[in-house]
Amino acid sequence: MRSGTVFTQGLRQGLGDDPFWTVEAVRQVRYHVVSSNGLFEPGNSALLTGCPDAPMSAGDRRLIVIDQNVDALYGGKVRAYFTANGIDATVIPLRADESVKQWDAVSQVVDAMNDFGIDRRREPVLAVGGGVLTDIVGFAASLYRRGTPYIRIPTTLIGLVDAGVGVKTGVNYERGKNRLGTYAPATATFLDRSFLRSLSLRHISNGLAEILKMALIRSEDLFALLESRGVAVRADRLQGTTEELAGAADAIIAESIHLMLEELQPNLWESALERCVDYGHTFSPTLEMHALPELLHGEAVVIDMALTTALATLRGFVTENQADRVFHVMRRLGLPVWNEVLEDPTLLQEALRDTVRHRDGQQRLPLPIGIGRHRFVNDVTPAELSDATRLLRDRAPADPSLVPEQVGA
Ligand SMILES: NC(=O)c1ccc[n+]([C@@H]2O[C@H](COP(=O)([O-])OP(=O)(O)OC[C@H]3O[C@@H](n4cnc5c(N)ncnc54)[C@H](O)[C@@H]3O)[C@@H](O)[C@H]2O)c1
């Protein structure tokens with residue numbers, strides 16, 4: 001018998017003589033997150049030899065699906081890199097933003113894999129783009145021939161710290177955020193923060209929202225770093241143009257990824273439903289889809305976090321002073337703290353109901369305890385939500401000097 005596999009044959013107790021079998025198997029999961037700046041610079045060998053499970057060498061073929069906006073900016077460099085290294089690259093640009101994160105995009109990737117005639121044993125698909133692109137390609141790859149390996153190269157901050165490092169893939173279905181999806185880790189993710197130099201500040205803020213999430217529930221130190229260096233690091237698009245900014249950007253990204261992986265690893269398939277990384281994701285899926293395309297993913301997440309910070313304040317888990325610091329940092333990072341969708345109490349209740357369905361009948365709502373810690377609650381009431389909404393509206397008034405446009409577009 002192979003280790004990790006149990007195969008039992010027996011007779012059901014008390015249910016007659018029909019035989020039955022139980023099959024149990026344990027599947028090992030291993031994936032790599034490799035950091036290397038300037039991935040497509042000539043002479044950078046990270047993509048060729050940086051991952052022990054996905055080496056690439058002259059004479060190999062690769063299918064590369066690239067976000068069409070990223071292609072316009074970096075496509076020449078990407079193609080030149082593969083040519084210089086003797087890799088026969090087929091590059092497929094794909095439109096990839098939230099409004100097209102749907103089944104059609106998946107079937108376009110499947111068509112590309114079919115046309116390429118992929119050898120799923122030796123030719124991982126490369127996905128180069130933001131969280132939308134890597135989610136679409138990861139989903140298509142996980143379905144194609146019951147699972148084709150793929151490699152992620154995220155080009156947005158959300159991709160670097162969140163969408164690129166976990167195991168989930170997916171696309172939206174009707175109004176259901178990521179309603180279709182799989183658990184399918186990429187063989188490797190290569191992180192190159194130099195891509196962020198061309199990203200709009202709004203999308204930098206969008207990624208900072210997910211970093212802030214990790215800080216609020218797991219690390220007061222990370223929060224302090226965002227509080228002291230977040231504005232400068234954002235303006236610098238995490239490029240590290242001075243030694244000090246480079247140190248801060250590296251620390252913020254590395255700490256956030258480390259905390260994220262620490263949370264994900266023991267619960268990769270989310271069998272435990274109390275997940276602190278779900279912080280900011282209780283109300284936001286409904287808010288995001290409702291407000292689409294007005295709110296980006298991270299913006300919806302931060303509005304959820306602002307609301308639940310208010311809720312935690314009402315419960316005495318977070319002091320008013322701590323809440324004010326949190327709201328202030330949100331704004332300073334160019335993030336919205338309020339959106340008019342919060343005015344609709346039925347929408348919030350519907351969002352909570354949908355989340356409860358998703359979390360097996362209980363709220364399992366992570367709430368912050370102070371800054372950097374959390375606990376789960378199951379007893380949030382509609383009245384409490386209304387009170388929290390009111391508190392948020394009062395305590396987080398729009399400060400014209402801090403709205404995203406003024407902090408930088
Ligand atoms: N799988 C997961 O675990 C996970 C985790 C978090 C978020 N997500 C998903 O990620 C998505 C959000 O990802 P996102 O914020 O990266 O959005 P995105 O992929 O839509 O990218 C944002 C925009 O930036 C453009 N872009 C990408 N890279 C660029 C670059 N280097 N320079 C200039 N423009 C660039 C894109 O074309 C797009 O218009 C959501 O759909 C969310 O559900 C998934």
# chains A, B, ... in the order shown; residues from 1 in each chain; ligands from 1
$ residues_around --residues "Ile158 (chain A)" --least-positions-apart "4" --cutoff "9 Å" --atoms "only C-alpha atoms" --output "ChimeraX atom specification"
/A:130-131,154,162-164,203-204,206-211,298
$ write_last_selection --atoms "N, CA, C and O atoms" --output "CSV table (one decimal), in the first residue's frame"
chain,number,residue,atom,x,y,z
A,130,GLY,N,-2.7,41.1,-13.5
A,130,GLY,CA,-3.2,41.4,-12.1
A,130,GLY,C,-4.0,40.2,-11.6
A,130,GLY,O,-4.0,39.1,-12.2
A,131,GLY,N,-4.7,40.4,-10.5
A,131,GLY,CA,-5.4,39.3,-9.8
A,131,GLY,C,-6.5,38.7,-10.7
A,131,GLY,O,-6.8,37.5,-10.7
A,154,PRO,N,2.4,37.9,-11.0
A,154,PRO,CA,1.5,39.1,-10.7
A,154,PRO,C,2.1,40.4,-11.1
A,154,PRO,O,3.3,40.6,-10.8
A,162,ASP,N,-1.6,39.0,-2.4
A,162,ASP,CA,-2.8,38.2,-2.1
A,162,ASP,C,-3.1,37.2,-3.2
A,162,ASP,O,-2.9,36.0,-3.1
A,163,ALA,N,-3.6,37.7,-4.3
A,163,ALA,CA,-4.1,36.8,-5.4
A,163,ALA,C,-3.0,35.9,-5.9
A,163,ALA,O,-3.3,34.7,-6.3
A,164,GLY,N,-1.8,36.3,-5.8
A,164,GLY,CA,-0.7,35.5,-6.4
A,164,GLY,C,-0.1,34.5,-5.4
A,164,GLY,O,0.6,33.6,-5.9
A,203,HIS,N,-4.8,51.8,-7.9
A,203,HIS,CA,-4.6,50.3,-7.8
A,203,HIS,C,-3.5,50.0,-6.8
A,203,HIS,O,-3.5,48.9,-6.2
A,204,ILE,N,-2.5,50.9,-6.6
A,204,ILE,CA,-1.6,50.7,-5.5
A,204,ILE,C,-2.4,50.7,-4.2
A,204,ILE,O,-2.2,49.8,-3.3
A,206,ASN,N,-5.4,50.0,-3.7
A,206,ASN,CA,-6.2,48.8,-3.7
A,206,ASN,C,-5.4,47.6,-3.1
A,206,ASN,O,-6.0,46.9,-2.3
A,207,GLY,N,-4.2,47.5,-3.5
A,207,GLY,CA,-3.3,46.4,-2.9
A,207,GLY,C,-3.0,46.7,-1.4
A,207,GLY,O,-2.9,45.8,-0.6
A,208,LEU,N,-2.8,48.0,-1.1
A,208,LEU,CA,-2.5,48.4,0.3
A,208,LEU,C,-3.6,48.0,1.2
A,208,LEU,O,-3.4,47.7,2.4
A,209,ALA,N,-4.9,48.0,0.6
A,209,ALA,CA,-6.0,47.6,1.5
A,209,ALA,C,-5.8,46.1,2.0
A,209,ALA,O,-6.1,45.9,3.2
A,210,GLU,N,-5.4,45.2,1.1
A,210,GLU,CA,-5.2,43.8,1.6
A,210,GLU,C,-4.0,43.7,2.6
A,210,GLU,O,-4.0,42.9,3.5
A,211,ILE,N,-3.0,44.6,2.4
A,211,ILE,CA,-1.9,44.6,3.3
A,211,ILE,C,-2.4,45.1,4.7
A,211,ILE,O,-2.1,44.6,5.7
A,298,GLY,N,-10.2,45.9,-3.4
A,298,GLY,CA,-9.6,46.4,-2.2
A,298,GLY,C,-10.4,47.5,-1.6
A,298,GLY,O,-10.4,47.7,-0.3
$ residues_near_ligand --ligand "ligand 1" --cutoff "6 Å" --atoms "only C-alpha atoms and all ligand atoms" --output "mmCIF file with C-alpha atoms, in the first residue's frame"
data_model
loop_
_atom_site.group_PDB
_atom_site.id
_atom_site.type_symbol
_atom_site.label_atom_id
_atom_site.label_comp_id
_atom_site.auth_asym_id
_atom_site.auth_seq_id
_atom_site.Cartn_x
_atom_site.Cartn_y
_atom_site.Cartn_z
ATOM 1 C CA ASP A 67 -3.163 40.931 -19.421
ATOM 2 C CA ASN A 69 -2.666 46.258 -20.647
ATOM 3 C CA VAL A 70 0.488 44.635 -19.319
ATOM 4 C CA ALA A 96 -8.695 41.134 -17.879
ATOM 5 C CA ASP A 97 -10.606 43.448 -15.608
ATOM 6 C CA GLU A 98 -13.366 42.785 -13.111
ATOM 7 C CA GLY A 129 -1.088 40.140 -15.039
ATOM 8 C CA GLY A 130 -3.209 41.355 -12.146
ATOM 9 C CA GLY A 131 -5.410 39.313 -9.841
ATOM 10 C CA VAL A 132 -8.135 39.082 -12.453
ATOM 11 C CA LEU A 133 -5.839 37.588 -15.086
ATOM 12 C CA ASP A 135 -7.536 34.048 -11.289
ATOM 13 C CA THR A 155 1.852 42.614 -11.960
ATOM 14 C CA THR A 156 -0.374 44.436 -9.443
ATOM 15 C CA ILE A 158 -3.074 42.791 -4.980
ATOM 16 C CA GLY A 159 -1.504 40.111 -7.129
ATOM 17 C CA ASP A 162 -2.764 38.217 -2.105
ATOM 18 C CA ALA A 163 -4.138 36.802 -5.375
ATOM 19 C CA GLY A 166 -2.783 31.672 -2.206
ATOM 20 C CA LYS A 168 -7.679 29.959 -4.988
ATOM 21 C CA THR A 169 -8.748 30.621 -8.557
ATOM 22 C CA PHE A 195 5.875 46.047 -12.454
ATOM 23 C CA LEU A 196 4.195 48.365 -9.967
ATOM 24 C CA SER A 198 3.297 51.668 -14.127
ATOM 25 C CA LEU A 199 0.309 50.891 -11.900
ATOM 26 C CA HIS A 297 -11.903 44.834 -4.796
#
$ residues_around --residues "region 286-296 of chain A" --least-positions-apart "5" --cutoff "7 Å" --atoms "only C-alpha atoms" --output "JSON, numbers by chain"
{"A": [175, 177, 206, 341, 351]}
$ write_last_selection --atoms "all heavy atoms" --output "PDB file, in the first residue's frame"
ATOM      1  N   ARG A 175     -24.151  37.820 -10.387  1.00  0.00           N
ATOM      2  CA  ARG A 175     -23.691  38.807  -9.390  1.00  0.00           C
ATOM      3  C   ARG A 175     -22.865  38.150  -8.289  1.00  0.00           C
ATOM      4  O   ARG A 175     -22.571  38.762  -7.265  1.00  0.00           O
ATOM      5  CB  ARG A 175     -24.886  39.528  -8.793  1.00  0.00           C
ATOM      6  CG  ARG A 175     -25.470  40.528  -9.761  1.00  0.00           C
ATOM      7  CD  ARG A 175     -26.297  41.540  -9.027  1.00  0.00           C
ATOM      8  NE  ARG A 175     -25.982  42.871  -9.514  1.00  0.00           N
ATOM      9  CZ  ARG A 175     -26.539  43.966  -9.017  1.00  0.00           C
ATOM     10  NH1 ARG A 175     -27.378  43.898  -8.018  1.00  0.00           N
ATOM     11  NH2 ARG A 175     -26.216  45.133  -9.497  1.00  0.00           N
ATOM     12  N   LYS A 177     -19.663  36.995  -6.664  1.00  0.00           N
ATOM     13  CA  LYS A 177     -18.223  37.253  -6.730  1.00  0.00           C
ATOM     14  C   LYS A 177     -17.466  35.924  -6.615  1.00  0.00           C
ATOM     15  O   LYS A 177     -17.661  35.173  -5.663  1.00  0.00           O
ATOM     16  CB  LYS A 177     -17.895  38.198  -5.574  1.00  0.00           C
ATOM     17  CG  LYS A 177     -16.440  38.465  -5.341  1.00  0.00           C
ATOM     18  CD  LYS A 177     -15.926  39.537  -6.255  1.00  0.00           C
ATOM     19  CE  LYS A 177     -14.417  39.662  -6.094  1.00  0.00           C
ATOM     20  NZ  LYS A 177     -13.746  40.028  -7.313  1.00  0.00           N
ATOM     21  N   ASN A 206      -5.387  50.004  -3.749  1.00  0.00           N
ATOM     22  CA  ASN A 206      -6.209  48.792  -3.746  1.00  0.00           C
ATOM     23  C   ASN A 206      -5.435  47.622  -3.120  1.00  0.00           C
ATOM     24  O   ASN A 206      -5.961  46.856  -2.304  1.00  0.00           O
ATOM     25  CB  ASN A 206      -6.559  48.502  -5.214  1.00  0.00           C
ATOM     26  CG  ASN A 206      -7.643  47.484  -5.385  1.00  0.00           C
ATOM     27  OD1 ASN A 206      -8.597  47.458  -4.629  1.00  0.00           O
ATOM     28  ND2 ASN A 206      -7.498  46.635  -6.389  1.00  0.00           N
ATOM     29  N   VAL A 341     -23.335  52.828  -0.631  1.00  0.00           N
ATOM     30  CA  VAL A 341     -24.007  51.513  -0.551  1.00  0.00           C
ATOM     31  C   VAL A 341     -24.285  51.134   0.907  1.00  0.00           C
ATOM     32  O   VAL A 341     -25.186  50.355   1.195  1.00  0.00           O
ATOM     33  CB  VAL A 341     -23.209  50.357  -1.226  1.00  0.00           C
ATOM     34  CG1 VAL A 341     -23.258  50.446  -2.730  1.00  0.00           C
ATOM     35  CG2 VAL A 341     -21.780  50.272  -0.722  1.00  0.00           C
ATOM     36  N   ALA A 351     -25.907  40.807   2.466  1.00  0.00           N
ATOM     37  CA  ALA A 351     -24.485  40.417   2.385  1.00  0.00           C
ATOM     38  C   ALA A 351     -24.142  39.460   3.525  1.00  0.00           C
ATOM     39  O   ALA A 351     -23.467  38.441   3.328  1.00  0.00           O
ATOM     40  CB  ALA A 351     -23.601  41.662   2.454  1.00  0.00           C
TER      41      ALA A 351
END
$ closest_atom_pairs --of "region 99-151 of chain A" --to "region 22-32 of chain A" --cutoff "12 Å" --atoms "only C-alpha atoms" --output "Markdown table"
| residue | atom | partner | partner_atom | distance |
| --- | --- | --- | --- | --- |
| A:Pro149 | CA | A:Tyr31 | CA | 10.8 |
| A:Tyr150 | CA | A:Tyr31 | CA | 10.8 |
| A:Ile151 | CA | A:His32 | CA | 9.7 |
$ closest_residue --among "A:Leu216, A:Leu143, A:Ile252, A:Ala46" --to "Pro366 (chain A)" --atoms "only C-alpha atoms"
A:Leu216
$ closest_residue --among "A:Arg202, A:His358, A:Arg122, A:Lys101" --to "Gly170 (chain A)" --atoms "only C-alpha atoms"
A:Lys101
$ residues_around --residues "Ala89 (chain A)" --least-positions-apart "5" --cutoff "7 Å" --atoms "only C-alpha atoms" --output "ChimeraX atom specification"
/A:61-64,82
$ select_by_dssp --residues "region 115-362 of chain A" --states "strand (DSSP E)" --output "number ranges by chain"
A: 125-129, 150-154, 168-173, 176-183, 188-191
$ atom_distance --atom1 "CA of Val109 (chain A)" --atom2 "CA of Trp269 (chain A)"
24.6 Å
$ select_by_dssp --residues "region 104-319 of chain A" --states "helix (DSSP H, G or I)" --output "PyMOL selection string"
chain A and resi 104-116+131-146+157-163+193-198+201-218+220-235+243-267+276-278+284-291+297-314
$ residues_around --residues "Asn321 (chain A)" --least-positions-apart "3" --cutoff "12 Å" --atoms "only C-alpha atoms" --output "count of residues only"
14
$ decode --residues "region 367-393 of chain A" --atoms "N, CA, C and O atoms" --output "PDB file, in the first residue's frame"
ATOM      1  N   LEU A 367     -13.514  39.999  13.985  1.00  0.00           N
ATOM      2  CA  LEU A 367     -13.537  41.408  14.389  1.00  0.00           C
ATOM      3  C   LEU A 367     -12.191  41.747  15.013  1.00  0.00           C
ATOM      4  O   LEU A 367     -11.594  40.914  15.708  1.00  0.00           O
ATOM      5  N   PRO A 368     -11.712  42.961  14.796  1.00  0.00           N
ATOM      6  CA  PRO A 368     -10.425  43.325  15.385  1.00  0.00           C
ATOM      7  C   PRO A 368     -10.521  43.480  16.906  1.00  0.00           C
ATOM      8  O   PRO A 368     -11.553  43.917  17.432  1.00  0.00           O
ATOM      9  N   ILE A 369      -9.458  43.087  17.559  1.00  0.00           N
ATOM     10  CA  ILE A 369      -9.299  43.383  18.987  1.00  0.00           C
ATOM     11  C   ILE A 369      -8.120  44.333  19.042  1.00  0.00           C
ATOM     12  O   ILE A 369      -6.988  43.928  18.718  1.00  0.00           O
ATOM     13  N   GLY A 370      -8.384  45.576  19.404  1.00  0.00           N
ATOM     14  CA  GLY A 370      -7.323  46.575  19.324  1.00  0.00           C
ATOM     15  C   GLY A 370      -6.804  46.626  17.893  1.00  0.00           C
ATOM     16  O   GLY A 370      -7.558  46.468  16.931  1.00  0.00           O
ATOM     17  N   ILE A 371      -5.483  46.771  17.766  1.00  0.00           N
ATOM     18  CA  ILE A 371      -4.891  46.751  16.425  1.00  0.00           C
ATOM     19  C   ILE A 371      -3.924  45.579  16.380  1.00  0.00           C
ATOM     20  O   ILE A 371      -3.002  45.488  17.179  1.00  0.00           O
ATOM     21  N   GLY A 372      -4.165  44.642  15.461  1.00  0.00           N
ATOM     22  CA  GLY A 372      -3.224  43.529  15.274  1.00  0.00           C
ATOM     23  C   GLY A 372      -3.707  42.200  15.817  1.00  0.00           C
ATOM     24  O   GLY A 372      -3.028  41.192  15.673  1.00  0.00           O
ATOM     25  N   ARG A 373      -4.881  42.190  16.465  1.00  0.00           N
ATOM     26  CA  ARG A 373      -5.417  40.911  16.949  1.00  0.00           C
ATOM     27  C   ARG A 373      -6.892  40.819  16.545  1.00  0.00           C
ATOM     28  O   ARG A 373      -7.479  41.797  16.096  1.00  0.00           O
ATOM     29  N   HIS A 374      -7.475  39.635  16.752  1.00  0.00           N
ATOM     30  CA  HIS A 374      -8.857  39.468  16.305  1.00  0.00           C
ATOM     31  C   HIS A 374      -9.568  38.395  17.116  1.00  0.00           C
ATOM     32  O   HIS A 374      -8.929  37.620  17.829  1.00  0.00           O
ATOM     33  N   ARG A 375     -10.884  38.355  16.991  1.00  0.00           N
ATOM     34  CA  ARG A 375     -11.670  37.238  17.481  1.00  0.00           C
ATOM     35  C   ARG A 375     -12.882  37.066  16.557  1.00  0.00           C
ATOM     36  O   ARG A 375     -13.198  37.951  15.768  1.00  0.00           O
ATOM     37  N   PHE A 376     -13.533  35.912  16.680  1.00  0.00           N
ATOM     38  CA  PHE A 376     -14.680  35.648  15.809  1.00  0.00           C
ATOM     39  C   PHE A 376     -15.971  35.811  16.596  1.00  0.00           C
ATOM     40  O   PHE A 376     -16.040  35.425  17.769  1.00  0.00           O
ATOM     41  N   VAL A 377     -16.990  36.359  15.947  1.00  0.00           N
ATOM     42  CA  VAL A 377     -18.299  36.486  16.602  1.00  0.00           C
ATOM     43  C   VAL A 377     -19.374  35.912  15.683  1.00  0.00           C
ATOM     44  O   VAL A 377     -19.187  35.796  14.469  1.00  0.00           O
ATOM     45  N   ASN A 378     -20.503  35.541  16.310  1.00  0.00           N
ATOM     46  CA  ASN A 378     -21.607  34.920  15.558  1.00  0.00           C
ATOM     47  C   ASN A 378     -22.940  35.606  15.817  1.00  0.00           C
ATOM     48  O   ASN A 378     -23.980  35.083  15.412  1.00  0.00           O
ATOM     49  N   ASP A 379     -22.893  36.749  16.488  1.00  0.00           N
ATOM     50  CA  ASP A 379     -24.159  37.289  16.971  1.00  0.00           C
ATOM     51  C   ASP A 379     -24.391  38.739  16.557  1.00  0.00           C
ATOM     52  O   ASP A 379     -25.003  39.508  17.291  1.00  0.00           O
ATOM     53  N   VAL A 380     -23.903  39.120  15.386  1.00  0.00           N
ATOM     54  CA  VAL A 380     -24.136  40.500  14.925  1.00  0.00           C
ATOM     55  C   VAL A 380     -25.594  40.625  14.468  1.00  0.00           C
ATOM     56  O   VAL A 380     -26.085  39.792  13.702  1.00  0.00           O
ATOM     57  N   THR A 381     -26.263  41.671  14.960  1.00  0.00           N
ATOM     58  CA  THR A 381     -27.689  41.849  14.639  1.00  0.00           C
ATOM     59  C   THR A 381     -27.868  42.992  13.628  1.00  0.00           C
ATOM     60  O   THR A 381     -26.991  43.856  13.509  1.00  0.00           O
ATOM     61  N   PRO A 382     -29.019  43.017  12.936  1.00  0.00           N
ATOM     62  CA  PRO A 382     -29.285  44.124  12.013  1.00  0.00           C
ATOM     63  C   PRO A 382     -29.209  45.478  12.732  1.00  0.00           C
ATOM     64  O   PRO A 382     -28.684  46.452  12.182  1.00  0.00           O
ATOM     65  N   ALA A 383     -29.697  45.541  13.966  1.00  0.00           N
ATOM     66  CA  ALA A 383     -29.673  46.820  14.693  1.00  0.00           C
ATOM     67  C   ALA A 383     -28.226  47.259  14.945  1.00  0.00           C
ATOM     68  O   ALA A 383     -27.881  48.446  14.820  1.00  0.00           O
ATOM     69  N   GLU A 384     -27.398  46.297  15.272  1.00  0.00           N
ATOM     70  CA  GLU A 384     -25.990  46.614  15.533  1.00  0.00           C
ATOM     71  C   GLU A 384     -25.312  47.122  14.247  1.00  0.00           C
ATOM     72  O   GLU A 384     -24.481  48.038  14.283  1.00  0.00           O
ATOM     73  N   LEU A 385     -25.697  46.537  13.126  1.00  0.00           N
ATOM     74  CA  LEU A 385     -25.140  46.982  11.841  1.00  0.00           C
ATOM     75  C   LEU A 385     -25.536  48.429  11.562  1.00  0.00           C
ATOM     76  O   LEU A 385     -24.716  49.233  11.102  1.00  0.00           O
ATOM     77  N   SER A 386     -26.796  48.749  11.869  1.00  0.00           N
ATOM     78  CA  SER A 386     -27.242  50.138  11.650  1.00  0.00           C
ATOM     79  C   SER A 386     -26.480  51.089  12.561  1.00  0.00           C
ATOM     80  O   SER A 386     -26.067  52.172  12.140  1.00  0.00           O
ATOM     81  N   ASP A 387     -26.276  50.674  13.822  1.00  0.00           N
ATOM     82  CA  ASP A 387     -25.528  51.529  14.761  1.00  0.00           C
ATOM     83  C   ASP A 387     -24.090  51.732  14.267  1.00  0.00           C
ATOM     84  O   ASP A 387     -23.537  52.832  14.338  1.00  0.00           O
ATOM     85  N   ALA A 388     -23.502  50.645  13.780  1.00  0.00           N
ATOM     86  CA  ALA A 388     -22.109  50.739  13.302  1.00  0.00           C
ATOM     87  C   ALA A 388     -22.030  51.648  12.083  1.00  0.00           C
ATOM     88  O   ALA A 388     -21.099  52.454  11.947  1.00  0.00           O
ATOM     89  N   THR A 389     -23.019  51.553  11.204  1.00  0.00           N
ATOM     90  CA  THR A 389     -23.048  52.414  10.016  1.00  0.00           C
ATOM     91  C   THR A 389     -23.121  53.880  10.439  1.00  0.00           C
ATOM     92  O   THR A 389     -22.405  54.737   9.923  1.00  0.00           O
ATOM     93  N   ARG A 390     -23.979  54.139  11.429  1.00  0.00           N
ATOM     94  CA  ARG A 390     -24.140  55.520  11.910  1.00  0.00           C
ATOM     95  C   ARG A 390     -22.825  56.020  12.528  1.00  0.00           C
ATOM     96  O   ARG A 390     -22.364  57.113  12.249  1.00  0.00           O
ATOM     97  N   LEU A 391     -22.215  55.167  13.335  1.00  0.00           N
ATOM     98  CA  LEU A 391     -20.946  55.558  13.978  1.00  0.00           C
ATOM     99  C   LEU A 391     -19.886  55.852  12.921  1.00  0.00           C
ATOM    100  O   LEU A 391     -19.163  56.852  13.011  1.00  0.00           O
ATOM    101  N   LEU A 392     -19.837  54.995  11.909  1.00  0.00           N
ATOM    102  CA  LEU A 392     -18.824  55.190  10.860  1.00  0.00           C
ATOM    103  C   LEU A 392     -19.067  56.519  10.139  1.00  0.00           C
ATOM    104  O   LEU A 392     -18.126  57.283   9.910  1.00  0.00           O
ATOM    105  N   ARG A 393     -20.337  56.806   9.839  1.00  0.00           N
ATOM    106  CA  ARG A 393     -20.643  58.047   9.124  1.00  0.00           C
ATOM    107  C   ARG A 393     -20.248  59.258   9.965  1.00  0.00           C
ATOM    108  O   ARG A 393     -19.741  60.249   9.463  1.00  0.00           O
TER     109      ARG A 393
END
